[in-house]
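Have a look at the structure below before the remarks.
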Amino acid sequence: MSGLFVSDEQVARARQLARDITNPIFELIAKNTTVSVERTVLRWFGVDGTGSMGAPLVNLMVDRLKDAGVMNKGAAYWYGRALKMGAKSPLEAVELLTAAPLASLGPLAPDEEERLRADVRSEARHAMAELKARVAKRNALKTKVPMSPAPHKYVIVATGNIHDDVDQARAAAEAGADVIAVIRSTAQSLLDYVPQGATTEGFGGTYATQENFRIMREALDVVSEKLGRYVELTNYSSGLCMPEIAFMAAWERLDMLLNDAMYGILFRDINMRRTFIDQYFSRRICATAGLIINTGEDNYITTADAYDAAHTVIASQFINECFAHRAGLEDWQLGIGHSYEIDPHRDETLLLELSQAMLVRRCFPNAPLKYMPPTKHKETDIFFSHAYDVMADLVAIWTKQGIQLLGMMTEAMHTPLLADRYVALKAASYVHRAARGLDEELTVREDGKIARRAREVFGKATELLEECTSDGMIAAIGRGRFGDVKRAETGGKGLDGVVEKAPDYFNPFLELMEAKA
Amino acid sequence: MSGLFVSDEQVARARQLARDITNPIFELIAKNTTVSVERTVLRWFGVDGTGSMGAPLVNLMVDRLKDAGVMNKGAAYWYGRALKMGAKSPLEAVELLTAAPLASLGPLAPDEEERLRADVRSEARHAMAELKARVAKRNALKTKVPMSPAPHKYVIVATGNIHDDVDQARAAAEAGADVIAVIRSTAQSLLDYVPQGATTEGFGGTYATQENFRIMREALDVVSEKLGRYVELTNYSSGLCMPEIAFMAAWERLDMLLNDAMYGILFRDINMRRTFIDQYFSRRICATAGLIINTGEDNYITTADAYDAAHTVIASQFINECFAHRAGLEDWQLGIGHSYEIDPHRDETLLLELSQAMLVRRCFPNAPLKYMPPTKHKETDIFFSHAYDVMADLVAIWTKQGIQLLGMMTEAMHTPLLADRYVALKAASYVHRAARGLDEELTVREDGKIARRAREVFGKATELLEECTSDGMIAAIGRGRFGDVKRAETGGKGLDGVVEKAPDYFNPFLELMEAKA
Amino acid sequence: MTKQLIRPYGDRKDDGVIQLSFTLPVSASEKAKEAAAVFCKKMGLTDVKVAAVERASEDYTFFIVYARSPVVLDYAELDVPEITIKKLGYQDLNALIEKKVGRRIVVLGACTGTDTHTVGIDAILNMKGFAGDYGLERYPWFEAYNLGSQVPNAELIRKAKEKNADAILVSQVVTQRDVHKDNSRQFIEEARKQGVHGKMTLLLGGPRVDHRLAIDLGFDAGFGPGTKPSSVANFIVHQVLQRLGKEEKGAHFEGEPT
Amino acid sequence: MTKQLIRPYGDRKDDGVIQLSFTLPVSASEKAKEAAAVFCKKMGLTDVKVAAVERASEDYTFFIVYARSPVVLDYAELDVPEITIKKLGYQDLNALIEKKVGRRIVVLGACTGTDTHTVGIDAILNMKGFAGDYGLERYPWFEAYNLGSQVPNAELIRKAKEKNADAILVSQVVTQRDVHKDNSRQFIEEARKQGVHGKMTLLLGGPRVDHRLAIDLGFDAGFGPGTKPSSVANFIVHQVLQRLGKEEKGAHFEGEPT
Ligand code: B12
Ligand code: B12
Ligand SMILES: Cc1ncc(COP(=O)(O)O)c(C=O)c1O
Ligand SMILES: Cc1ncc(COP(=O)(O)O)c(C=O)c1O
């Protein structure tokens with residue numbers, strides 16, 4: 001049994017601090033909306049496809065609303081107006097609105113306004129019901145062919161071509177993968193729109209498009225049936241389109257989503273406000289669709305030193321957890337991220353890694369947790385890198401990680417080859433098989449190095465949380481407290497996509513999702 | 001801290017049983033000598049080189065004594081007679097004796113006999129002193145450039161050519177090896193003589209010759225000085241020439257020797273009596289020269305199943321220890337062998353391997369122990385095999401093994417390539433560095449699977465020891481209790497080399513070595 | 001026959017990506033790295049990426065390389081002899097022997113020469129068998145003798161003649177410097193000398209043995225890693241039936257039926 | 001010049017033994033194994049031992065092979081340009097700039113295009129530096145600006161002109177489908193367009209970058225994995241001195257002096 005290390009009071013205190021920290025941010029969230037939130041609303045109503053120039057219709061329409069300065073009423077409202085004007089389909093609605101002189105369109109008579117909202121609400125309820133139905137379909141398959149026990153072996157495909165991805169995902173599943181992640185092309189998170197259709201060219205990854213999601217999930221459904229073992233699919237939502245991608249993932253029955261409250265800010269230089277607002281709506285969708293989210297604290301220790309910055313990971317996890325809970329996500333949906341990243345040239349790194357992994361377990365006992373492998377200190381010596389990954393496999397099973405991203409022996413070179421995944425899966429299967437139950441056999445001494453290190457890290461994490469409470473999250477990020485990356489509140493990409501809500505802002509989906517919370 | 005598992009009384013009892021088991025065998029040993037014991041005596045007096053037909057002089061001479069039926073007086077006695085006849089050198093002694101009509105040579109006058117023995121004894125004391133001086137030289141270097149902390153990384157070279165071996169040994173040492181083992185050509189242990197000189201052709205190994213020993217130790221002395229870290233050398237004595245090889249190893253300043261009381265019987269089908277007698281004299285030499293011995297229980301679980309036969313390893317270790325102690329070896333010299341050999345396709349193998357390794361530690365707290373890697377279930381998939389070895393590296397450092405033979409990723413194919421050793425050393429160095437001190441951090445639950453398994457294995461081991469006490473060692477071996485291999489007392493090779501000692505049998509070296517015990 | 005052109009698959013179809021590792025007797029340096037690249041190019045590889053340059057020792061450098069091979073293969077063109085016949089289970093096979101041979105089939109096996117690796121031959125002959133598959137000793141209609149290891153070829157053959165065996169099973173595990181081939185050749189010579197070659201069924205087995213090799217060396221069949229005793233039993237029975245003229249020649253058994 | 005013929009060293013000198021692994025788009029079988037062997041033979045390898053035939057999936061088989069390569073290399077013949085000049089320490093280098101340049105050397109760096117891997121460029125520019133070696137910001141006689149990641153080439157060059165920089169440092173880490181080469185070429189075009197090419201010292205760096213590649217792409221130098229900031233600092237100083245005509249051309253710095 002891994003140690004307790006810290007008292008329940010101490011943990012509760014950290015949670016309370018996280019709540020205090022997020023309070024002001026939730027005020028910001030309540031007051032504002034973003035272009036991507038509104039685009040999501042339209043997508044949910046079924047607005048799909050691209051315009052003449054290839055730009056998604058939802059972008060054309062929302063930009064139009066924004067330019068006309070009326071987006072603050074909510075895209076749903078204008079969608080309703082379009083219906084009133086006689087639009088028979090979402091497409092017609094777009095055409096009508098892009099034509100109409102929006103700015104000059106005054107409000108309707110109060111009762112008409114009421115009816116409009118009522119109609120739109122009922123359409124929203126139907127749209128919501130359809131989403132739920134799709135989710136139910138996924139869950140049915142999951143009960144029919146259950147997953148293998150945790151840690152779920154998570155591997156990445158990243159050919160840039162969705163069809164090659166399918167090929168490789170199938171192979172990985174047959175070799176034992178439990179979760180397939182299709183990582184995105186390097187540039188995507190900076191795009192303020194979601195590409196359309198099946199894509200065959202990407203760099204370092206494949207574009208996240210609704211069609212690509214569909215193609216891959218369909219392929220994995222077949223594989224799952226064949227193997228009699230459900231294989232999950234995940235993708236990445238962080239970036240300028242967090243809510244839209246969350247919606248597409250939910251609609252296409254993905255099982256997980258990389259979704260972090262701060263990753264975009266720190267690692268993609270996306271504006272803070274934009275990110276905070278977007279992450280909330282996207283997480284509401286994840287909560288509703290029963291998607292497991294993965295947070296990205298592991299990234300902090302690729303830029304900062306994993307030993308020195310260990311406490312920033314813990315602090316951020318409490319904050320990410322709080323953002324998640326406040327968006328309606330339950331513990332079982334929290335794939336809280338951390339990783340095995342301490343420089344292997346140091347002494348006693350296994351003790352240090354165990355300490356960290358056990359501490360995370362201790363702080364988040366009911367979350368699946370998402371454990372990342374060594375990456376930054378991986379060597380081009382594939383034999384060494386493989387051995388290094390094996391130790392991470394051990395820590396993963398030992399500390400009962402729910403989701404384990406498997407390290408690749410070629411991490412320091414290229415995105416995984418088909419064989420790299422096979423090799424990683426075979427080793428992880430062996431280590432999991434060999435070490436299952438180890439935790440029950442051992443008691444970690446509370447007076448040992450592991451426990452002392454855990455207490456030290458937790459202590460520093462609490463201090464950092466206190467700093468964030470007193471000076472505010474924004475100041476803390478400004479000081480580069482997380483991942484050594486400094487960002488300013490008004491800096492970064494996408495701030496212009498943030499719009500303050502009007503008093504009569506209308507978003508029936510948000511209403512529905514917040515209602516059930 | 002690894003568990004106690006069993007009470008001190010239980011362990012003491014097992015030791016007592018081993019003592020009872022070996023008693024009758026020590027009577028056998030006391031009564032008899034062998035051709036290889038006598039050849040060793042002559043070598044010690046400096047009889048070296050080969051005769052016209054290329055056979056070692058010691059063989060020519062001892063065969064002569066045996067054929068003449070006078071070997072039972074001891075080669076030392078006849079050596080003395082030769083000197084009396086005026087031999088000026090060991091070589092002359094051989095010539096004289098091979099010429100003389102030994103059978104008809106009656107005894108000398110009592111006082112002459114006395115003087116003869118006295119003279120030979122004093123020459124023996126000088127020879128012993130010279131050996132001690134050589135050992136002192138080794139120890140001096142060891143204090144000048146101390147070894148790195150345990151587990152000492154032990155790797156094998158086996159090119160068949162001593163010069164290539166040197167090349168590879170040097171490379172291994174630079175890559176972090178602490179112990180170099182030159183394994184022997186497949187056939188050697190069946191030879192009833194030790195080949196002469198530097199050799200360049202062998203199969204699966206290189207011939208163990210005194211010259212090869214000298215060449216390799218010399219090379220390692222240079223490397224040790226260069227690295228500022230002493231690198232040990234070991235070889236294999238089991239077989240028909242155990243005592244001679246032990247003597248050569250001692251003389252050439254080797255640091256370790258594979259030396260098992262039963263390996264020859266079980267795995268080379270060498271006669272039991274011959275082996276028991278030979279191992280005693282060879283171990284006396286190891287004790288005198290401060291050589292660490294390695295026993296070969298690991299081999300049992302390459303023929304028998306590692307899970308089912310785990311207890312035979314423990315039982316045999318107690319017996320081997322007893323044979324060793326009774327030959328004057330101290331605990332620090334006991335590299336008691338065991339290994340990580342359980343089929344990796346089973347569940348919870350790490351728990352099982354930890355249980356076994358901790359049990360061995362618990363039974364032999366002051367012995368360095370010699371831990372062997374997986375071999376039998378190694379796959380030709382070098383990446384899997386490498387991962388498999390990494391787990392053995394972990395158990396080795398966790399359970400504080402003194403000597404660890406590193407697994408090779410190509411184990412299932414060929415004797416190690418230069419690169420295989422490099423890869424293994426790099427991984428083991430990382431794992432040792434990462435996990436050092438782990439044992440102090442953890443307490444093994446006495447009510448867990450690890451502890452239960454350890455008690456079960458120890459219990460069965462005790463039963464087997466009881467069977468050996470009541471029915472005798474020979475019967476037990478006859479039933480294939482060790483390594484599933486059945487051998488008969490009068491079967492196997494080399495029984496004809498056993499001769500009952502005459503009442504006036506003379507062996508001044510044995511006298512000296514037993515005196516100090 | 002339609003072609004089936006194949007190339008290695010790394011990240012994408014037909015990208016030809018392969019991984020290599022090797023050691024060169026030079027000390028690690030930029031020049032050593034270049035040497036590794038040139039070495040690979042001389043092997044006809046392109047897009048050579050010398051990923052790792054590891055200082056294995058002062059005088060040796062270990063390299064890990066990823067590169068593309070231009071080699072294209074027509075998979076359709078390859079033909080690997082895999083004439084398989086229906087393999088009978090334990091019961092049926094015994095029944096077949098009883099019915100068609102009418103006497104116990106006698107086999108002798110050993111690990112010959114200086115090779116002491118008995119686990120392989122034991123797996124085939126001993127009761128216990130291998131991977132849950134019974135060994136020949138277990139078959140009531142087989143009379144199996146396991147002579148163990150380090151058995152001289154001549155002695156094995158002599159014993160086989162004494163028992164006038166139907167088949168001799170030779171195991172060779174140590175293969176360094178092809179010692180297994182030399183020893184096997186020597187066995188065949190001896191078999192010829194003692195006049196059993198062509199009369200008794202001679203089988204060779206071991207981790208580096210395959211059917212092709214065994215045939216080339218003069219055996220009737222070869223069995224490699226993972227061989228199941230039942231496969232061997234089936235093969236022998238059909239050989240015996242052929243020698244008795246109760247089954248047409250040529251149809252030989254190899255591996256599991258697919 | 002006396003030849004120095006070398007071959008891979010596996011178990012013995014010049015045995016030519018190498019290890020390979022690759023995946024073929026066929027399902028695991030005896031035939032697949034044969035295909036792997038044929039593939040290796042077509043690459044000119046001999047003594048081909050297909051060690052492992054791993055079922056990576058229904059449609060793909062992963063092979064591990066050991067074989068001998070006949071390729072022999074004359075190590076003496078290779079020449080890898082390694083013109084190194086004495087590398088100065090932190091203090092001395094600052095002193096040299098003060099004395100010979102007489103003003104702070106201005107450098108700008110960024111990870112360009114869509115690449116967000118800043119750790120590499122940070123290691124070179126930031127105070128902290130890399131592996132205990134100070135970054136350029138730390139040098140009093142350097143004026144270093146780190147623009148971070150995802151910086152468009154044009155913008156980086158424009159900013160460099162504003163500060164009239166002595167050197168521009170470009171980092172490229174993502175290399176899939178050679179995107180780093182395309183992006184670097186685009187940078188050089190832009191540099192030509194904005195007329196800084198040949199005037200400012202242009203450096204390229206990243207895990208897959210080496211001097212040769214950078215030169216070919218039109219940069220003044222390239223720096224690969226494990227580069228130390230001090231190496232970069234030294235290189236830049238000498239470039240500046242050369243541009244100022246205070247040092248003869250040609251003598252360029254590369255890697256640690258040996
Ligand atoms: C167990 C073992 C030992 C045991 C042997 C115990 C015993 N009584 O068998 C011990 C510890 C004694 C030992 C000693 C040595 N060994 Co050893 N040993 C092994 C090991 C680890 C496993 C072999 C094994 O049992 N495999 C399991 C069996 C079931 O598989 P198999 O033999 O392939 O048999 C199957 C098939 O091949 C087939 N088959 C085999 N024979 C036959 C025959 C017939 C007729 C048929 C039909 C089928 C058949 O059916 C079997 C079941 O499917 C291997 C490494 C490895 N993992 O392969 C090294 C290995 C074989 N040993 C090796 C060496 C060098 C030695 C030594 C010479 C080392 C030394 N100098 O001390 C010694 C001496 C051996 C000697 N003189 O022959 C090398 C051989 C290198 C080479 N290619 O030449 C190996 C490969 C290890 C290595 N990488 O260096 N060894
Ligand atoms: C850390 C990391 C990240 C971090 C980056 C954080 C940050 N702000 O830098 C995060 C997690 C955000 C990340 C994200 C991604 N990453 Co990344 N990442 C890595 C990782 C693990 C380490 C890179 C690193 O920091 N190395 C340490 C530094 C010090 O080394 P270096 O960069 O080589 O720099 C040294 C030298 O090259 C030189 N140098 C470098 N630049 C320059 C410039 C000059 C002028 C000079 C003189 C010298 C110089 O000096 C430095 C010090 O010696 C590598 C894998 C690996 N182990 O290499 C993958 C890796 C680089 N990432 C990869 C990918 C694909 C991505 C993603 C695209 C994946 C995705 N789709 O989500 C994303 C997006 C990145 C993007 N859009 O560009 C791939 C690239 C594959 C390829 N060859 O194309 C890699 C190789 C992983 C893999 N095997 O798939 N990644
Ligand atoms: C939380 C999170 N989101 C997204 C990503 C990937 O982002 P991008 O697609 O922008 O590279 C990562 C990277 O691992 C991540 O950890
Ligand atoms: C104790 C012992 N002696 C000797 C050997 C090697 O014996 P041989 O040289 O006869 O192969 C071994 C094999 O590992 C062994 O364990």
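Naming scheme: A, B, ... for chains in displayed order of the structure tokens; residues 1 onward per chain; ligands 1 onward as shown.
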Collect all residues with atoms no farther than 9 Å from ligand 4, counting only C-alpha atoms and all ligand atoms, and output them as a PyMOL selection string. (chain B and resi 183-190+204-205+207-208+235-239+257-264+267-268+293-299+337) or (chain C and resi 116)
Return as an NGL selection string the residues belonging to chain C that are within 9 Å of chain D, counting only C-alpha atoms. :C and (6-10 or 13-14 or 16-26 or 30-32 or 34-35 or 38-40 or 42-45 or 49 or 60 or 69-75 or 78-82 or 208)
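Comparing the minimum interatomic distances between chain D and each of A:Tyr79, A:Phe276, A:Phe247, A:Tyr422, counting only C-alpha atoms, we find that A:Tyr422 sits nearest.
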Env. residues ligand 2 / 7 Å / only C-alpha atoms and all ligand atoms / as a PyMOL selection string: (chain A and resi 183-187+204-205+267+299+302-303+375-379+410-416) or (chain D and resi 109+114-121+123-124+130+169-176+203-207+222-228+232)
Could you save those same residues with C-alpha atoms as a PDB file, in the first residue's frame?
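Generated file (result-v9.pdb):
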ATOM      1  CA  ILE A 183      -2.388  13.523 -32.270  1.00  0.00           C
ATOM      2  CA  ARG A 184      -2.954  16.642 -34.273  1.00  0.00           C
ATOM      3  CA  SER A 185      -0.886  18.383 -36.866  1.00  0.00           C
ATOM      4  CA  THR A 186       1.478  20.841 -35.227  1.00  0.00           C
ATOM      5  CA  ALA A 187      -0.334  23.961 -36.375  1.00  0.00           C
ATOM      6  CA  GLY A 204       3.681  15.559 -36.521  1.00  0.00           C
ATOM      7  CA  GLY A 205       0.056  14.570 -36.444  1.00  0.00           C
ATOM      8  CA  PHE A 267       2.191  25.859 -24.473  1.00  0.00           C
ATOM      9  CA  ASN A 299       3.965  19.207 -20.100  1.00  0.00           C
ATOM     10  CA  THR A 302       9.200  19.113 -20.190  1.00  0.00           C
ATOM     11  CA  THR A 303       9.960  22.834 -20.082  1.00  0.00           C
ATOM     12  CA  THR A 375      10.017  11.979 -23.118  1.00  0.00           C
ATOM     13  CA  LYS A 376      12.409  14.849 -22.576  1.00  0.00           C
ATOM     14  CA  HIS A 377      15.343  12.752 -21.409  1.00  0.00           C
ATOM     15  CA  LYS A 378      14.730  10.001 -23.876  1.00  0.00           C
ATOM     16  CA  GLU A 379      17.848   9.131 -25.814  1.00  0.00           C
ATOM     17  CA  THR A 410      12.115   6.217 -30.696  1.00  0.00           C
ATOM     18  CA  GLU A 411      10.617   9.151 -28.774  1.00  0.00           C
ATOM     19  CA  ALA A 412      13.741  11.236 -29.305  1.00  0.00           C
ATOM     20  CA  MET A 413      13.549  10.812 -33.077  1.00  0.00           C
ATOM     21  CA  HIS A 414      10.206  10.561 -34.745  1.00  0.00           C
ATOM     22  CA  THR A 415       6.529   9.977 -34.165  1.00  0.00           C
ATOM     23  CA  PRO A 416       6.012   6.266 -33.513  1.00  0.00           C
TER      24      PRO A 416
ATOM     25  CA  GLY D 109      16.443  33.781 -31.607  1.00  0.00           C
ATOM     26  CA  THR D 114       4.392  26.400 -36.244  1.00  0.00           C
ATOM     27  CA  ASP D 115       7.049  24.787 -34.124  1.00  0.00           C
ATOM     28  CA  THR D 116       6.544  25.337 -30.419  1.00  0.00           C
ATOM     29  CA  HIS D 117       9.591  23.544 -29.118  1.00  0.00           C
ATOM     30  CA  THR D 118      11.270  26.319 -27.207  1.00  0.00           C
ATOM     31  CA  VAL D 119      13.338  24.211 -24.869  1.00  0.00           C
ATOM     32  CA  GLY D 120      16.161  24.010 -27.386  1.00  0.00           C
ATOM     33  CA  ILE D 121      16.436  27.702 -28.217  1.00  0.00           C
ATOM     34  CA  ALA D 123      18.801  26.335 -23.666  1.00  0.00           C
ATOM     35  CA  ILE D 124      20.981  28.455 -25.944  1.00  0.00           C
ATOM     36  CA  PHE D 130      22.196  24.104 -20.784  1.00  0.00           C
ATOM     37  CA  LEU D 169      19.180  31.982 -34.284  1.00  0.00           C
ATOM     38  CA  VAL D 170      16.534  29.721 -35.762  1.00  0.00           C
ATOM     39  CA  SER D 171      15.377  26.571 -34.015  1.00  0.00           C
ATOM     40  CA  GLN D 172      13.553  23.775 -35.785  1.00  0.00           C
ATOM     41  CA  VAL D 173      12.536  20.706 -33.845  1.00  0.00           C
ATOM     42  CA  VAL D 174       9.607  19.180 -35.676  1.00  0.00           C
ATOM     43  CA  THR D 175      11.069  17.383 -38.677  1.00  0.00           C
ATOM     44  CA  GLN D 176       8.306  15.116 -39.885  1.00  0.00           C
ATOM     45  CA  LEU D 203      22.320  29.973 -37.434  1.00  0.00           C
ATOM     46  CA  LEU D 204      20.098  26.944 -37.577  1.00  0.00           C
ATOM     47  CA  GLY D 205      19.734  24.448 -34.789  1.00  0.00           C
ATOM     48  CA  GLY D 206      17.703  21.443 -33.715  1.00  0.00           C
ATOM     49  CA  PRO D 207      17.881  17.741 -33.000  1.00  0.00           C
ATOM     50  CA  GLY D 222      24.181  24.404 -37.974  1.00  0.00           C
ATOM     51  CA  PHE D 223      24.088  23.018 -34.474  1.00  0.00           C
ATOM     52  CA  GLY D 224      22.685  19.671 -33.464  1.00  0.00           C
ATOM     53  CA  PRO D 225      21.767  17.746 -30.336  1.00  0.00           C
ATOM     54  CA  GLY D 226      23.672  18.556 -27.169  1.00  0.00           C
ATOM     55  CA  THR D 227      24.956  21.903 -28.433  1.00  0.00           C
ATOM     56  CA  LYS D 228      26.388  24.057 -25.641  1.00  0.00           C
ATOM     57  CA  VAL D 232      27.352  29.083 -30.163  1.00  0.00           C
TER      58      VAL D 232
END
I'd like the neighbourhood of B:Ser355 as an MDAnalysis selection string, where a residue qualifies if any of its atoms comes within 12 Å (using only C-alpha atoms), though same-chain residues fewer than 6 positions away should be ignored. (chainID A and resid 438 441:442) or (chainID B and resid 2:5 307 310:311 339:340 342 348:349 361:362 395 398:399 444:446 448:458)
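Residue-level contact on chain A: within 10 Å of chain C, counting only C-alpha atoms, the set is Val157, Ala158, Thr159, Gly160, Asn161, His163, Asp164, Asp165, Asp167, Gln168, Glu379, Thr380, Asp381, Ile382, Phe383, Thr410, Ala412, Met413, His414, Thr415, Pro416, Leu417, Leu418, Ala419 and Asp420 of chain A.
Between atom CA of D:Asp178 and atom CA of D:Leu217 lies a distance of 12.4 Å.
Using only C-alpha atoms, the smallest distance between any of A:Gly492, A:Gly80, A:Gly335, A:Gly437 and chain B comes from A:Gly437.
Ranking B:Ala434, B:Val94, B:Leu291, B:Ala396 by their shortest atom-to-atom distance to chain A, with only C-alpha atoms included, puts B:Ala434 first.
Of the listed residues B:Met391, B:Ile336, B:Ala127, B:Leu105, the one whose atoms come nearest to chain A is B:Met391, with distances taken using only C-alpha atoms.
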For A:Glu252, which of A:Leu334, A:Ile292, A:Leu233, A:Ile29 is the closest residue, counting only C-alpha atoms? A:Leu233
State, in Å with one decimal place, the distance from atom CA of B:Thr234 to atom CA of B:Arg134. 16.2 Å
Just list as an NGL selection string whatever in stretch 38-186 of chain D DSSP marks as helix (DSSP H, G or I). :D and (38-42 or 75-77 or 90-101 or 119-125 or 136-138 or 153-162 or 176-186)
Separating atom 80 (C, counted along the ligand's line) of ligand 1 from atom CA of C:Pro229, to the nearest tenth of an Å, is a gap of 22.3 Å
From a backbone DSSP assignment, name each residue in stretch 13-148 of chain C labelled strand (DSSP E), as a PyMOL selection string. chain C and resi 17-24+46-55+61-68+73-74+105-112+142-148
Shell of 10 Å around D:Leu88, only C-alpha atoms, local chain residues under 5 positions omitted, as an MDAnalysis selection string: chainID D and resid 93:96 230:231 233:234
Please dump the current selection as an mmCIF file, in the first residue's frame; keep N, CA and C atoms.
data_model
loop_
_atom_site.group_PDB
_atom_site.id
_atom_site.type_symbol
_atom_site.label_atom_id
_atom_site.label_comp_id
_atom_site.auth_asym_id
_atom_site.auth_seq_id
_atom_site.Cartn_x
_atom_site.Cartn_y
_atom_site.Cartn_z
ATOM 1 N N LEU D 93 35.854 35.199 -23.303
ATOM 2 C CA LEU D 93 35.084 35.551 -24.486
ATOM 3 C C LEU D 93 34.502 36.956 -24.327
ATOM 4 N N ASN D 94 33.920 37.219 -23.139
ATOM 5 C CA ASN D 94 33.401 38.561 -22.898
ATOM 6 C C ASN D 94 34.522 39.588 -23.076
ATOM 7 N N ALA D 95 35.664 39.283 -22.494
ATOM 8 C CA ALA D 95 36.818 40.186 -22.597
ATOM 9 C C ALA D 95 37.157 40.433 -24.068
ATOM 10 N N LEU D 96 37.167 39.352 -24.837
ATOM 11 C CA LEU D 96 37.517 39.467 -26.262
ATOM 12 C C LEU D 96 36.539 40.393 -26.985
ATOM 13 N N SER D 230 27.887 28.010 -25.035
ATOM 14 C CA SER D 230 29.226 28.592 -25.178
ATOM 15 C C SER D 230 29.794 28.331 -26.572
ATOM 16 N N SER D 231 29.470 27.188 -27.143
ATOM 17 C CA SER D 231 29.949 26.908 -28.498
ATOM 18 C C SER D 231 29.344 27.913 -29.462
ATOM 19 N N ALA D 233 28.119 30.873 -28.725
ATOM 20 C CA ALA D 233 28.651 32.202 -28.427
ATOM 21 C C ALA D 233 30.002 32.383 -29.127
ATOM 22 N N ASN D 234 30.877 31.413 -28.950
ATOM 23 C CA ASN D 234 32.201 31.490 -29.577
ATOM 24 C C ASN D 234 32.082 31.630 -31.088
#
Within 12 Å of A:Gly106 using only C-alpha atoms, minus same-chain residues under 5 positions, as a PyMOL selection string: chain A and resi 70+78+81+100-101+113
Restricted to C-alpha atoms, what would the selected residues look like written as a PDB file, in the first residue's frame?
ATOM      1  CA  VAL A  70     -24.454  41.434 -32.104  1.00  0.00           C
ATOM      2  CA  TRP A  78     -29.848  34.832 -34.117  1.00  0.00           C
ATOM      3  CA  ARG A  81     -34.361  34.931 -35.613  1.00  0.00           C
ATOM      4  CA  ALA A 100     -29.712  40.396 -43.276  1.00  0.00           C
ATOM      5  CA  PRO A 101     -28.563  43.808 -41.933  1.00  0.00           C
ATOM      6  CA  GLU A 113     -38.913  37.127 -28.153  1.00  0.00           C
TER       7      GLU A 113
END
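You can rank B:Met242, B:Leu394, B:Ala150, B:Ile25 by their closest distance to chain A using only C-alpha atoms, and at the top of that list sits B:Leu394.
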Taking 6 positions as the minimum chain separation for residues in the same chain, which residues sit within 9 Å of stretch 115-122 of chain A when counting only C-alpha atoms? Answer as a PyMOL selection string. chain A and resi 76-77+79-81+83-84+506-509+512
